[in-house]
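input21.cif (mmCIF, C-alpha atoms) appears below.
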data_input
#
loop_
_atom_site.label_atom_id
_atom_site.label_comp_id
_atom_site.auth_asym_id
_atom_site.auth_seq_id
_atom_site.Cartn_x
_atom_site.Cartn_y
_atom_site.Cartn_z
CA MET A 1 -31.39 -29.03 43.66
CA THR A 2 -30.23 -25.38 43.84
CA THR A 3 -29.43 -24.01 47.29
CA SER A 4 -29.27 -20.46 48.55
CA GLU A 5 -25.94 -18.63 49.07
CA GLY A 6 -26.18 -19.21 52.85
CA SER A 7 -27.06 -22.89 52.60
CA GLU A 8 -24.74 -25.80 53.26
CA GLY A 9 -23.95 -26.29 49.57
CA GLY A 10 -22.54 -22.76 49.30
CA ALA A 11 -23.90 -22.25 45.76
CA PRO A 12 -24.90 -18.65 44.93
CA GLU A 13 -28.53 -17.71 44.92
CA PRO A 14 -29.95 -17.60 41.40
CA ARG A 15 -30.30 -14.11 39.92
CA SER A 16 -33.69 -12.73 39.00
CA CYS A 17 -34.65 -12.59 35.34
CA ASP A 18 -34.26 -8.80 35.32
CA GLU A 19 -30.75 -8.97 36.81
CA ALA A 20 -29.64 -11.69 34.43
CA GLN A 21 -30.95 -9.76 31.44
CA ALA A 22 -29.24 -6.58 32.56
CA ASN A 23 -25.86 -8.33 32.60
CA SER A 24 -26.41 -10.41 29.47
CA PRO A 25 -24.08 -9.63 26.53
CA THR A 26 -27.14 -9.43 24.29
CA THR A 27 -28.26 -6.26 26.05
CA HIS A 28 -25.03 -4.38 25.26
CA GLU A 29 -24.85 -2.30 22.09
CA VAL A 30 -21.94 -2.26 19.68
CA ASP A 31 -21.18 1.44 19.51
CA PHE A 32 -18.05 2.43 17.59
CA PRO A 33 -18.17 5.98 16.17
CA PRO A 34 -16.13 6.21 12.94
CA VAL A 35 -12.87 7.60 14.32
CA GLN A 36 -12.91 5.36 17.38
CA ASN A 37 -13.66 2.42 15.07
CA GLY A 38 -10.72 3.28 12.82
CA VAL A 39 -8.30 3.65 15.73
CA ASP A 40 -9.51 0.34 17.19
CA TYR A 41 -8.62 -1.32 13.87
CA LEU A 42 -5.15 0.25 14.13
CA HIS A 43 -4.72 -1.37 17.53
CA SER A 44 -5.64 -4.71 16.01
CA VAL A 45 -3.07 -4.23 13.23
CA VAL A 46 -0.17 -3.58 15.60
CA ASP A 47 -1.35 -6.46 17.81
CA HIS A 48 -1.08 -8.83 14.85
CA LEU A 49 2.22 -7.45 13.56
CA THR A 50 3.91 -7.55 16.97
CA ALA A 51 2.30 -10.76 18.26
CA ASP A 52 5.53 -12.75 17.85
CA GLU A 53 9.07 -12.18 16.66
CA GLN A 54 7.95 -13.93 13.46
CA PRO A 55 4.24 -13.16 12.82
CA HIS A 56 2.11 -16.15 11.84
CA PRO A 57 0.50 -16.01 8.34
CA ARG A 58 -2.87 -15.63 10.05
CA ASP A 59 -1.58 -12.54 11.88
CA LEU A 60 -0.42 -11.05 8.57
CA LYS A 61 -3.78 -11.82 6.99
CA TYR A 62 -5.73 -9.95 9.64
CA ALA A 63 -3.17 -7.13 9.72
CA VAL A 64 -3.88 -6.52 6.02
CA LEU A 65 -7.66 -6.80 6.39
CA HIS A 66 -7.89 -4.57 9.46
CA LEU A 67 -5.44 -1.97 8.16
CA GLN A 68 -7.45 -1.61 4.96
CA ALA A 69 -10.65 -1.38 7.03
CA SER A 70 -9.08 1.32 9.19
CA ALA A 71 -7.92 3.31 6.18
CA GLU A 72 -11.39 3.25 4.62
CA VAL A 73 -13.14 4.24 7.86
CA LEU A 74 -10.75 7.09 8.68
CA LEU A 75 -10.49 8.56 5.19
CA LYS A 76 -14.28 8.54 4.85
CA ALA A 77 -14.67 10.02 8.34
CA ARG A 78 -12.79 13.06 7.02
CA LEU A 79 -15.05 13.18 3.96
CA LEU A 80 -18.05 13.22 6.31
CA GLN A 81 -16.73 16.45 7.78
CA GLU A 82 -17.15 18.04 4.34
CA HIS A 83 -20.54 16.45 3.52
CA TRP A 84 -22.18 13.09 4.09
CA SER A 85 -22.90 12.59 0.37
CA LEU A 86 -19.17 12.41 -0.43
CA VAL A 87 -18.89 8.87 0.94
CA PHE A 88 -21.32 7.57 -1.70
CA LYS A 89 -19.81 5.95 -4.78
CA ASP A 90 -21.93 8.38 -6.81
CA PRO A 91 -22.69 11.50 -4.74
CA GLY A 92 -25.26 12.52 -7.36
CA LEU A 93 -27.43 9.58 -6.27
CA ALA A 94 -26.93 10.14 -2.54
CA SER A 95 -29.95 9.80 -0.28
CA ARG A 96 -30.06 10.90 3.36
CA LYS A 97 -32.38 7.99 4.16
CA LYS A 98 -29.96 5.45 2.65
CA PHE A 99 -27.02 7.13 4.37
CA GLU A 100 -28.59 6.89 7.82
CA ALA A 101 -29.56 3.26 7.18
CA GLY A 102 -26.07 2.43 5.88
CA ASP A 103 -27.75 1.07 2.76
CA PHE A 104 -25.48 2.32 -0.02
CA GLU A 105 -22.30 1.56 -1.97
CA SER A 106 -19.47 3.77 -0.77
CA CYS A 107 -16.53 5.15 -2.72
CA THR A 108 -13.26 3.25 -3.00
CA THR A 109 -10.11 4.11 -1.07
CA ASN A 110 -8.62 5.71 -4.19
CA GLY A 111 -11.86 7.62 -4.69
CA ALA A 112 -11.75 8.88 -1.10
CA ILE A 113 -8.14 10.04 -1.56
CA ALA A 114 -9.04 11.90 -4.76
CA ARG A 115 -12.03 13.61 -3.11
CA LEU A 116 -9.99 14.57 -0.06
CA LYS A 117 -7.49 16.26 -2.37
CA ASP A 118 -9.92 17.89 -4.82
CA ILE A 119 -12.71 18.87 -2.41
CA ALA A 120 -11.34 18.99 1.14
CA GLY A 121 -7.84 20.23 0.24
CA VAL A 122 -6.20 17.32 2.10
CA THR A 123 -3.10 15.95 0.37
CA VAL A 124 -1.97 12.35 0.75
CA ASP A 125 1.74 12.04 -0.04
CA ASP A 126 2.78 9.77 -2.92
CA ARG A 127 4.46 7.14 -0.76
CA ALA A 128 1.41 6.68 1.46
CA ALA A 129 -0.95 6.73 -1.54
CA LYS A 130 1.04 3.96 -3.26
CA SER A 131 1.08 1.84 -0.11
CA LEU A 132 -2.67 2.36 0.33
CA ALA A 133 -3.21 1.23 -3.28
CA VAL A 134 -1.07 -1.89 -2.75
CA LEU A 135 -2.88 -2.61 0.52
CA SER A 136 -6.24 -2.36 -1.27
CA ARG A 137 -5.10 -4.90 -3.89
CA TRP A 138 -3.89 -7.26 -1.17
CA ARG A 139 -7.22 -7.00 0.65
CA ASN A 140 -9.13 -7.75 -2.55
CA ALA A 141 -6.90 -10.74 -3.23
CA LEU A 142 -7.46 -12.09 0.28
CA GLN A 143 -11.21 -11.76 0.00
CA HIS A 144 -11.62 -13.21 -3.47
CA TYR A 145 -8.88 -15.68 -4.35
CA GLY A 146 -6.11 -15.71 -1.75
CA LEU A 147 -2.84 -13.88 -1.32
CA LYS A 148 0.83 -14.86 -1.34
CA VAL A 149 3.15 -12.10 -0.19
CA ASN A 150 6.35 -11.91 1.86
CA ALA A 151 6.01 -11.07 5.57
CA ARG A 152 8.59 -8.28 5.30
CA ALA A 153 6.58 -6.66 2.51
CA VAL A 154 3.50 -6.64 4.77
CA ASP A 155 5.53 -5.17 7.64
CA THR A 156 6.93 -2.40 5.45
CA ARG A 157 3.72 -1.41 3.70
CA ALA A 158 1.82 -1.61 6.99
CA ALA A 159 4.36 0.65 8.72
CA GLN A 160 4.04 3.25 5.95
CA VAL A 161 0.22 3.22 6.12
CA LEU A 162 0.16 3.17 9.93
CA ASP A 163 2.53 6.13 10.03
CA PHE A 164 0.27 8.06 7.64
CA LEU A 165 -2.99 7.17 9.42
CA VAL A 166 -1.72 8.10 12.89
CA ALA A 167 -0.75 11.56 11.60
CA PHE A 168 -3.99 11.79 9.60
CA VAL A 169 -6.16 11.14 12.67
CA HIS A 170 -4.14 13.58 14.77
CA ASP A 171 -4.15 16.40 12.18
CA GLN A 172 -7.44 15.95 10.33
CA LEU A 173 -9.91 14.23 12.66
CA LEU A 174 -9.19 14.88 16.35
CA PRO A 175 -9.51 18.70 16.13
CA SER A 176 -13.17 18.33 15.07
CA LEU A 177 -14.17 15.89 17.81
CA PRO A 178 -15.71 16.91 21.14
CA GLY A 179 -13.26 16.88 24.06
CA GLU A 180 -14.81 13.87 25.78
CA GLU A 181 -14.21 11.81 22.63
CA ALA A 182 -10.91 13.36 21.53
CA GLY A 183 -9.13 12.96 24.89
CA PRO A 184 -9.24 9.16 25.15
CA LEU A 185 -8.54 8.77 21.43
CA THR A 186 -5.41 10.91 21.75
CA SER A 187 -4.08 8.48 24.36
CA GLU A 188 -5.05 5.47 22.21
CA LEU A 189 -3.33 7.00 19.20
CA GLU A 190 -0.13 7.57 21.17
CA ARG A 191 -0.05 3.90 22.17
CA VAL A 192 -0.41 2.91 18.52
CA ARG A 193 2.35 5.34 17.51
CA ILE A 194 4.80 3.89 20.05
CA ARG A 195 4.16 0.37 18.76
CA VAL A 196 4.55 1.51 15.15
CA LEU A 197 8.00 2.80 16.09
CA THR A 198 8.91 -0.77 17.12
CA ILE A 199 7.94 -2.06 13.66
CA LYS A 200 9.79 0.78 11.92
CA SER A 201 12.87 0.14 14.06
CA PHE A 202 13.07 -3.41 12.72
CA ILE A 203 12.72 -2.14 9.14
CA ASP A 204 15.35 0.58 9.61
CA THR A 205 17.81 -1.88 11.16
CA ARG A 206 17.46 -4.24 8.21
CA LEU A 207 17.81 -1.42 5.67
CA LYS A 208 20.99 -0.22 7.36
CA ARG A 209 22.43 -3.72 7.10
CA LEU A 210 21.58 -3.76 3.38
CA ALA A 211 23.10 -0.33 2.67
CA ASP A 212 26.64 -1.67 2.31
CA GLU A 213 25.46 -4.57 0.14
CA LEU A 214 23.64 -2.22 -2.24
CA LYS A 215 26.13 0.67 -2.44
CA ASP A 216 27.73 -0.56 -5.70
CA PHE A 217 24.37 -1.08 -7.45
CA LYS A 218 22.69 2.31 -6.94
CA ASP A 219 22.56 2.93 -10.69
CA ARG A 220 20.34 -0.15 -11.19
CA THR A 221 18.45 -0.40 -7.89
CA VAL A 222 14.76 0.52 -8.05
CA GLU A 223 11.83 0.48 -5.64
CA CYS A 224 10.41 -2.98 -5.06
CA CYS A 225 6.82 -3.40 -6.28
CA SER A 226 6.04 -5.54 -3.23
CA CYS A 227 7.52 -3.73 -0.22
CA GLY A 228 8.15 -0.27 -1.70
CA GLU A 229 11.77 -0.07 -0.53
CA ALA A 230 14.56 0.85 -2.96
CA THR A 231 16.11 -2.61 -2.68
CA LEU A 232 15.35 -4.33 -6.03
CA VAL A 233 18.52 -4.72 -8.11
CA VAL A 234 17.68 -5.21 -11.79
CA GLY A 235 19.87 -6.40 -14.66
CA GLU A 236 20.64 -9.89 -13.39
CA GLY A 237 20.47 -11.39 -16.88
CA SER A 238 18.93 -14.87 -16.86
CA LYS A 239 18.74 -14.93 -13.07
CA PRO A 240 15.36 -14.15 -11.41
CA LEU A 241 15.02 -10.65 -9.96
CA SER A 242 14.74 -10.70 -6.18
CA CYS A 243 14.27 -7.84 -3.72
CA ARG A 244 17.14 -7.77 -1.23
CA PHE A 245 14.78 -6.63 1.55
CA CYS A 246 11.55 -8.63 1.25
CA HIS A 247 12.78 -11.36 -1.16
CA ALA A 248 9.83 -10.95 -3.54
CA THR A 249 10.95 -12.67 -6.77
CA TRP A 250 10.20 -12.28 -10.49
CA ASP A 251 11.35 -15.07 -12.81
CA ASP A 252 10.86 -12.92 -15.91
CA PRO A 253 12.18 -9.31 -16.02
CA ASN A 254 9.19 -8.39 -18.22
CA HIS A 255 6.84 -9.36 -15.39
CA ALA A 256 8.82 -7.14 -13.03
CA VAL A 257 8.57 -4.21 -15.47
CA THR A 258 4.81 -4.68 -15.89
CA GLU A 259 4.21 -4.79 -12.13
CA TYR A 260 6.53 -1.80 -11.59
CA ILE A 261 4.46 0.24 -14.06
CA ASP A 262 1.22 -0.78 -12.35
CA THR A 263 2.49 -0.12 -8.82
CA PHE A 264 4.19 3.20 -9.43
CA ASP A 265 1.67 4.65 -11.90
CA VAL A 266 4.06 4.88 -14.84
CA ASN A 267 2.34 5.78 -18.11
CA MET A 268 1.88 2.50 -20.02
CA ASP A 269 1.84 3.99 -23.54
CA GLY A 270 5.03 2.88 -25.26
CA ASN A 271 6.96 2.54 -22.02
CA VAL A 272 7.98 -1.10 -22.41
CA GLN A 273 10.21 -1.77 -25.40
CA SER A 274 12.75 -4.29 -26.65
CA CYS A 275 16.18 -3.42 -25.32
CA PRO A 276 18.67 -2.36 -28.06
CA ASN A 277 21.43 -3.94 -25.97
CA CYS A 278 20.06 -7.40 -25.08
CA SER A 279 16.82 -7.58 -27.13
CA ALA A 280 14.76 -8.53 -24.05
CA TYR A 281 11.30 -6.98 -23.91
CA ALA A 282 12.12 -5.44 -20.55
CA LEU A 283 13.26 -1.89 -21.29
CA LEU A 284 11.31 0.67 -19.27
CA VAL A 285 11.45 3.92 -21.26
CA ASP A 286 11.53 7.14 -19.24
CA GLY A 287 9.94 5.47 -16.23
CA ALA A 288 12.51 3.97 -13.87
CA ARG A 289 13.68 5.73 -10.70
CA VAL A 290 17.00 4.42 -9.43
CA ALA A 291 18.53 4.86 -5.98
CA GLN A 292 21.35 6.93 -7.44
CA ALA A 293 18.94 9.61 -8.73
CA PRO A 294 15.44 9.00 -7.26
CA GLU A 295 13.99 12.24 -8.67
CA GLU A 296 14.76 11.37 -12.29
CA ARG A 297 12.94 9.11 -14.74
CA ARG A 298 15.33 6.89 -16.66
CA SER A 299 15.25 4.41 -19.52
CA LEU A 300 16.48 1.23 -17.88
CA CYS A 301 16.48 -2.39 -18.99
CA PHE A 302 15.35 -4.72 -16.21
CA SER A 303 17.13 -7.62 -17.95
CA CYS A 304 20.65 -6.33 -18.66
CA SER A 305 20.56 -3.00 -16.72
CA ALA A 306 21.55 -0.96 -19.79
CA ASP A 307 20.73 2.72 -19.18
CA PHE A 308 19.97 4.92 -22.19
CA ASP A 309 20.09 8.71 -22.34
CA GLU A 310 18.44 8.94 -25.76
CA LEU A 311 16.22 6.51 -27.63
CA ALA A 312 14.20 6.53 -30.84
CA GLN A 313 11.70 4.24 -32.50
CA CYS A 314 12.50 2.93 -35.94
CA SER A 315 9.87 4.10 -38.43
CA GLU A 316 10.26 0.86 -40.40
CA CYS A 317 10.35 -2.04 -37.89
CA LEU A 318 9.14 -0.02 -34.85
CA ASP A 319 11.98 -1.37 -32.67
CA THR A 320 13.66 0.93 -30.17
CA TYR A 321 17.20 1.96 -31.07
CA VAL A 322 19.94 4.38 -30.01
CA PRO A 323 20.22 7.07 -32.70
CA ALA A 324 23.75 7.27 -34.06
CA SER A 325 23.29 10.81 -35.35
CA GLU A 326 20.65 13.41 -36.05
CA ASP A 327 20.46 12.38 -39.74
CA ASP A 328 19.81 8.66 -39.28
CA LEU A 329 16.52 9.03 -41.22
CA GLY A 330 14.55 7.63 -38.29
CA LEU A 331 15.76 4.10 -39.04
CA CYS A 332 17.57 1.61 -36.83
CA GLU A 333 20.93 0.26 -37.98
CA ASP A 334 19.46 -2.90 -39.52
CA CYS A 335 16.73 -1.06 -41.45
CA LEU A 336 19.15 1.65 -42.49
CA GLY A 337 21.52 -1.01 -43.83
CA ALA A 338 18.70 -2.75 -45.70
CA SER A 339 17.61 0.55 -47.18
CA SER A 340 21.16 1.35 -48.34
CA ALA A 341 21.49 -2.07 -49.95
CA ILE A 342 18.40 -1.42 -52.10
CA PHE A 343 19.94 1.71 -53.53
#
Can you give me the file's structure in the form of structure tokens?
Amino acid sequence: MTTSEGSEGGAPEPRSCDEAQANSPTTHEVDFPPVQNGVDYLHSVVDHLTADEQPHPRDLKYAVLHLQASAEVLLKARLLQEHWSLVFKDPGLASRKKFEAGDFESCTTNGAIARLKDIAGVTVDDRAAKSLAVLSRWRNALQHYGLKVNARAVDTRAAQVLDFLVAFVHDQLLPSLPGEEAGPLTSELERVRIRVLTIKSFIDTRLKRLADELKDFKDRTVECCSCGEATLVVGEGSKPLSCRFCHATWDDPNHAVTEYIDTFDVNMDGNVQSCPNCSAYALLVDGARVAQAPEERRSLCFSCSADFDELAQCSECLDTYVPASEDDLGLCEDCLGASSAIF
């Protein structure tokens, strides 16, 4: 039997139906405007990445998912400032009714970046764009077939994207918000920024420790496809290639070259050739950027680390070779020798 609050049992008096309904969670609305929603995701990301000294795989999983969600929300929030139809996959089929109902297929992250650049005049720097592309692939892998990636790679890519998004919100989104919304978000954003500095501090400390280890390999150290840091030393011969920072590993140098091309948007046409030095199909022609000269594109073999200033393709066997002179007839040494033997 239920007693009143003043009775001997001391149990509280039951609330009326109206009072109970007013305090029921079912009566509260979920109201996250786009920018607030995106910043809330950022908070979740730093929560997961800084939960422990060594984040649990589950933390890394949700860091990837929520960071990608934040990027999509915030990039598209800026597109909305230009016009609501720009968030549709095909703006030509945009419908105001579908937009207001949320019943449409939106553009991809890469599509949003392209539209921001071409229509809104907002430039996303190459480093952030590459990390956003990698993040999108990781999210797709998680949702469809699973993901295996090193924790340090997640930390590094996440720090790059977080850094970009914090500045993006501050520069591109907050100025257009009303004061009552912008004020609290500015404080929230500052808390995220401070926690991002903690993550970046760990990364910088590790990179400084690696600097001495890598100083003698700058001519064959490239950016890692996984973490994006210039810490992948190529040319290890039969040994697997392994990033010194995140420890991502490639058993076959050809696989490393293929992923490098995909990650860093190197033109695929004719870029991978057989190396004239070691014969491995792992020579990246005019596509590798090494730590020694990051602004240049070099021809570098990921198997033996041979670096070529000039290359040609044999018109007979189509193999890549180093031209001995200007009058080599467009033939490699073997084909030239065979041709001479005939005559």
Counting only C-alpha atoms, the option among A:Ser305, A:Asn110, A:Ser315, A:Ser131 closest to A:Phe264: A:Ser131
Option closest in space to A:Ser136, from A:Leu65, A:Ala256, A:Ile261, A:Ile203 [counting only C-alpha atoms]: A:Leu65
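Going from atom CA of A:Val285 to atom CA of A:Trp250 covers 19.5 Å.
For the choices A:Asn37, A:Ser303, A:Thr249, A:Thr320, the atom-to-atom distance to A:Gln273 is smallest for A:Thr320 when using only C-alpha atoms.
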Residues selected by the PyMOL selection byres ((chain A and resi 224-232) around 7), written as a list in words: Ala153, Thr156, Arg157, Thr221, Val222, Glu223, Val233, Val234, Ser242, Cys243, Arg244, Phe245, Cys246, Ala248, Glu259, Tyr260, Thr263 and Ala291 of chain A
All residues 12 Å or closer to A:Gly121, all atoms listed in the file, same chain fewer than 5 positions away omitted, as number ranges by chain: A: 78-79, 82, 113-116, 172
Selection result of the PyMOL selection byres ((chain A and resi 213-218) around 7) on this file, as a list in words: Leu210, Ala211, Asp212, Asp219, Arg220, Thr221, Val233, Val290, Ala291 and Gln292 of chain A
Selection dump of the PyMOL selection byres ((chain A and resi 142-151) around 8), as a PyMOL selection string: chain A and resi 55+57+60-61+138-141+152-155+226+246-248
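Between atom CA of A:Ala120 and atom CA of A:Gly38 lies a distance of 19.6 Å.
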Would you mind listing what lies within 10 Å of A:Ser238 as a JSON list (two decimals) with C-alpha atoms, in the frame of the given file, with all atoms listed in the file counted and same-chain residues fewer than 4 positions away left out?
[["chain", "number", "residue", "atom", "x", "y", "z"],
["A", 251, "ASP", "CA", 11.35, -15.07, -12.81],
["A", 252, "ASP", "CA", 10.86, -12.92, -15.91],
["A", 253, "PRO", "CA", 12.18, -9.31, -16.02],
["A", 303, "SER", "CA", 17.13, -7.62, -17.95],
["A", 304, "CYS", "CA", 20.65, -6.33, -18.66]]
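In this model, the gap between atom CA of A:Gln36 and atom CA of A:Phe168 comes to 13.5 Å.
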Who sits within 12 Å of A:Ser279, all atoms listed in the file, same chain under 3 positions skipped, as a count of residues only: 18
Contact residues around A:Ala133 with all atoms listed in the file at 8 Å, ignoring same-chain residues under 4 positions, as a list in words: Thr109, Asn110, Ala129 and Arg137 of chain A
